[in-house]
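Each remark here refers to the structure printed beneath this line.
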Amino acid sequence: MKSQQASVHFNENGTPVADHFGDVYFSNDSGINETQYVFMGGNSIVERWQAHSNPSFVIAETGFGTGLNFLVAMQAFKHFRNANPSHPLKQLFFLSTEKFPLPKPDMEKALLSFPALKEEATALSTRYPMELDGCHRRHFDEFDTTLDLWIGDVHDLLSQWHSPTAGLIDAWFLDGFAPSKNPDMWADTLFEQMARLSKVGATFATFTAAGFVKRGLAAAGFTVSKRKGFGRKRDMLVGVYETEAASTLAEKRAFEGPYYRYTQAAIAPKSHVIVVGNGLAAATVTLSLAKRGINVTVCHDQEALATGASGNPQGGFFPQLHSEASIASRIQAHSFLYASHIYHTLLDDNDTSTNTALKKTPVAHDFCGVAQLNFNEKVAVRQKKLVANGVWPEALIKPISPEALSEKASIALPYDGLFIEQGGWISPPDLVRALIEQAKQYADVTVLCHHEYLSHTVLNDSDKASLSDALAQAHHLAVEFSVTAGIEDSSHNKTLYADHLILATGAGAVGSSAFASLPLRPVRGQVEAITTQAPINALTTVICHKGYMTPALNNRHALGSTYIKNDLSTEVRAQESEQNLQTHQQAMANTDVVQQLKHDGEARAATRLGSPDHQPVSGMLADFSALKTQYVGLSLGKPLYTAAPLPATPVSTLCCLGSRGLTTASLMAELLASTLTHEPLPLNNDLCQAVHPARFMVRDCIRSIFDE
């Protein structure tokens with residue numbers, strides 16, 4: 001999981017040289033000119049942008065290196081957008097793979113050679129990810145560009161990219177080290193994956209003219225030609241993915257069967273989506289959609305936002321990591337890193353990753369770190385194994401001594417443990433409001449309170465013909481709500497029309513017929529609000545054991561939490577307050593920090609929604625019980641790719657975030673928004689499957705569990 005970083009030295013020209021491959025990262029003569037000539041010019045990028053009619057353009061690159069190609073493309077796209085503000089092409093996606101990522105200092109040193117890219121290089125340095133395998137999505141909103149930096153072996157990664165049947169990639173930058181230096185990359189498996197992922201008319205360009213590269217690309221369906229190379233290179237290759245070859249591969253692109261995500265037609269800027277919910281799930285997906293220019297109506301049945309599980313004044317922000325790179329741990333790690341990127345962009349006034357004209361809503365927070373205490377023998381074994389296995393970078397989680405921990409916490413703690421430097425605490429209600437307010441600055445976002453979701457109807461042509469409103473006829477579904485104008489007013493039903501519906505209702509999903517085929521697990525949790533007092537008034541980091549304690553906000557510390565399954569009550573209970581205190585007293589028995597605390601009984605209870613496998617749910621929502629009969633073949637051992645995709649439906653959900661919503665909501669929302677717009681997905685395919693709503697149906701079918 002922790003990747004091996006590149007080892008480099010700088011030659012007499014100041015050009016970085018990869019020790020592992022014995023090759024330069026860019027031309028000794030002029031790296032920028034090489035990128036402009038070989039990759040931008042070889043793919044006719046700017047000319048193709050002018051002729052492009054879709055909202056996004058996708059470039060894929062093999063070999064991120066210093067990021068030079070990315071910076072040149074990003075700068076060019078900013079110039080294109082400034083010169084063509086009304087052009088339908090609004091967003092550049094740049095997908096790049098890198099097996100050996102450069103250490104950040106080496107990358108920064110290499111890019112000093114290009115003062116013309118200073119602004120772009122600074123932006124990349126600010127958002128440069130740590131050395132962790134998988135996809136790292138970073139937004140460069142000031143350049144209308146999104147970078148997906150995929151760390152790992154290209155042959156492992158490309159097979160994990162989810163592609164629409166029409167293809168994903170518009171242009172390829174084939175920029176690994178020279179085939180003679182890096183023969184493992186330049187293989188038929190690379191060319192086959194390029195064919196699988198390319199749109200009809202997709203282009204490629206590469207500095208090499210090696211014969212086996214030319215033959216491999218031609219065999220995969222590309223028309224290949226030579227042109228004059230850059231500088232002292234005699235030749236280079238360019239090409240186009242042909243229509244006939246693409247038609248033979250279209251069916252193979254939907255290889256995930258029921259896990260295939262691009263089943264419904266893509267929604268586009270100015271489309272209308274209804275989001276039902278008022279917590280983190282609803283707020284994060286609203287922002288992800290709004291940033292794509294999609295209009296959103298947020299509906300909920302309360303007076304204000306964040307009244308459910310997202311209403312706790314403080315929440316700990318950190319990932320739950322295991323000693324192995326399990327699916328659960330990988331989801332946690334990448335969700336945490338992406339959320340950290342989003343939160344810093346949203347909360348940091350010094351962050352330049354968004355339009356400086358955007359107004360930022362204050363959010364109480366402190367990225368003060370999170371300490372996971374070693375408080376018993378079982379935990380000690382688990383923590384030692386995590387450190388010994390070396391799965392995670394120390395920048396993500398590292399061991400900490402009692403002395404260092406006491407210094408971080410500003411109170412005496414006779415425990416060693418693990419420390420998550422980038423973690424801390426955030427006020428969820430503040431965050432929900434800030435996310436919604438920022439969304440309003442990107443698109444038409446309306447929030448309707450006192451709107452209780454009742455049902456939805458997918459409209460067919462005859463339904464639309466009977467509608468008198470032309471605007472309603474243009475949409476795909478009707479959503480019915482019960483609306484109450486005030487406490488004493490009687491309610492009435494109201495129908496809204498939209499292109500898509502997203503149900504992000506949290507615990508409100510329990511009992512809803514729309515969720516009847518999902519195995520939901522509601523869990524009650526009570527969190528104490530302890531008045532600040534000695535010695536915890538000095539606390540300066542979040543402390544975790546079997547429970548957690550935060551530094552003070554408004555003179556109170558959050559101390560929690562209970563976990564009671566299938567209990568929907570939100571009344572505060574004295575016995576749960578006692579339970580929370582006892583949990584902390586037992587876990588911190590070597591210190592009297594908790595034993596001497598006085599509690600005035602202030603607390604808050606809410607119901608979190610989880611799933612049987614404890615993973616979030618993000619994707620299409622359907623009647624999976626009724627669909628099981630279509631997947632009987634899975635019980636006979638037939639592979640997933642032989643099964644049909646799910647039927648298209650304009651309804652999705654983002655739910656089951658459990659107690660980890662601060663960590664997982666942002667990436668799960670981005671995954672859903674990317675799915676609906678047919679953009680690249682920010683997760684490996686196996687992780688996409690692990691959070692797909694259909695996974696429970698698939699498992700039942702494989703185990704021959706069918707409803708009678």
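Order determines the names: the first chain of the structure tokens is A, the second B, and so forth; residues in each chain are numbered 1 upward, and ligands are numbered 1 upward as they are shown.
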Residue set, stretch 149-254 of chain A restricted to helix (DSSP H, G or I), as a ChimeraX atom specification | /A:154-160,188-197,211-219,243-249,251-253
Would you mind listing what lies within 10 Å of stretch 197-203 of chain A as a count of residues only, with only C-alpha atoms counted and same-chain residues fewer than 4 positions away left out?
-> 41
Excluding stretch 629-632 of chain A and residues on its chain fewer than 6 positions from it, collect all residues at most 10 Å away from it, counting only C-alpha atoms, and give them as a list of chain:residue names.
->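 So, after excluding close chain neighbours, the residues are A:Gly257, A:Pro258, A:Lys638, A:Leu640, A:Thr642, A:Ala643, A:Ala644, A:Leu646, A:Met697, A:Val698, A:Asp700, A:Cys701, A:Ile702, A:Ser704, A:Ile705, A:Phe706, A:Asp707.
Distance annotation: of A:Gly211, A:Pro85, A:Gly31, A:Pro399, the residue with the minimal separation from A:Gln383 is A:Pro399; atom set is only C-alpha atoms.
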Surrounding residues of A:Thr145 excluding itself and chain neighbours under 6 positions, 7 Å, only C-alpha atoms, as a list in words =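 Residues meeting the cut-off are Met74, Gln91, Leu92, Phe93 and His139 of chain A.
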Report the residues of stretch 340-429 of chain A whose backbone DSSP state falls under strand (DSSP E), written as a short mmCIF file (atom, residue, chain, number, x, y, z; two decimals) with N, CA and C atoms, in the first residue's frame.
```cif
data_model
loop_
_atom_site.label_atom_id
_atom_site.label_comp_id
_atom_site.auth_asym_id
_atom_site.auth_seq_id
_atom_site.Cartn_x
_atom_site.Cartn_y
_atom_site.Cartn_z
N HIS A 365 -13.24 24.28 13.67
CA HIS A 365 -12.43 23.10 13.40
C HIS A 365 -11.04 23.30 13.95
N ASP A 366 -10.31 22.20 14.06
CA ASP A 366 -8.90 22.26 14.44
C ASP A 366 -8.24 20.97 13.96
N VAL A 370 -4.78 13.42 15.81
CA VAL A 370 -5.58 12.45 16.55
C VAL A 370 -4.64 11.39 17.12
N ALA A 371 -4.72 11.17 18.43
CA ALA A 371 -3.91 10.16 19.10
C ALA A 371 -4.75 8.93 19.39
N GLN A 372 -4.27 7.77 18.96
CA GLN A 372 -4.93 6.51 19.27
C GLN A 372 -4.10 5.81 20.35
N LEU A 373 -4.64 5.79 21.56
CA LEU A 373 -3.89 5.32 22.72
C LEU A 373 -3.71 3.80 22.72
N LYS A 398 1.67 7.19 12.41
CA LYS A 398 3.01 6.84 12.89
C LYS A 398 2.95 6.54 14.38
N PRO A 399 3.93 5.77 14.89
CA PRO A 399 3.97 5.52 16.34
C PRO A 399 4.37 6.78 17.09
N ILE A 400 3.91 6.87 18.34
CA ILE A 400 4.23 8.04 19.15
C ILE A 400 4.51 7.57 20.59
N GLY A 417 1.31 5.00 21.55
CA GLY A 417 0.18 4.77 20.66
C GLY A 417 0.52 5.14 19.24
N LEU A 418 -0.49 5.52 18.50
CA LEU A 418 -0.35 5.94 17.11
C LEU A 418 -0.86 7.37 16.97
N PHE A 419 -0.27 8.11 16.03
CA PHE A 419 -0.67 9.50 15.86
C PHE A 419 -0.95 9.78 14.40
N ILE A 420 -2.10 10.43 14.14
CA ILE A 420 -2.52 10.83 12.80
C ILE A 420 -2.41 12.35 12.72
N GLY A 424 -7.98 15.55 13.28
CA GLY A 424 -8.40 16.60 14.20
C GLY A 424 -9.89 16.51 14.46
N TRP A 425 -10.51 17.66 14.63
CA TRP A 425 -11.97 17.68 14.81
C TRP A 425 -12.59 18.80 13.98
N ILE A 426 -13.85 18.60 13.62
CA ILE A 426 -14.62 19.57 12.82
C ILE A 426 -16.02 19.63 13.40
#
```
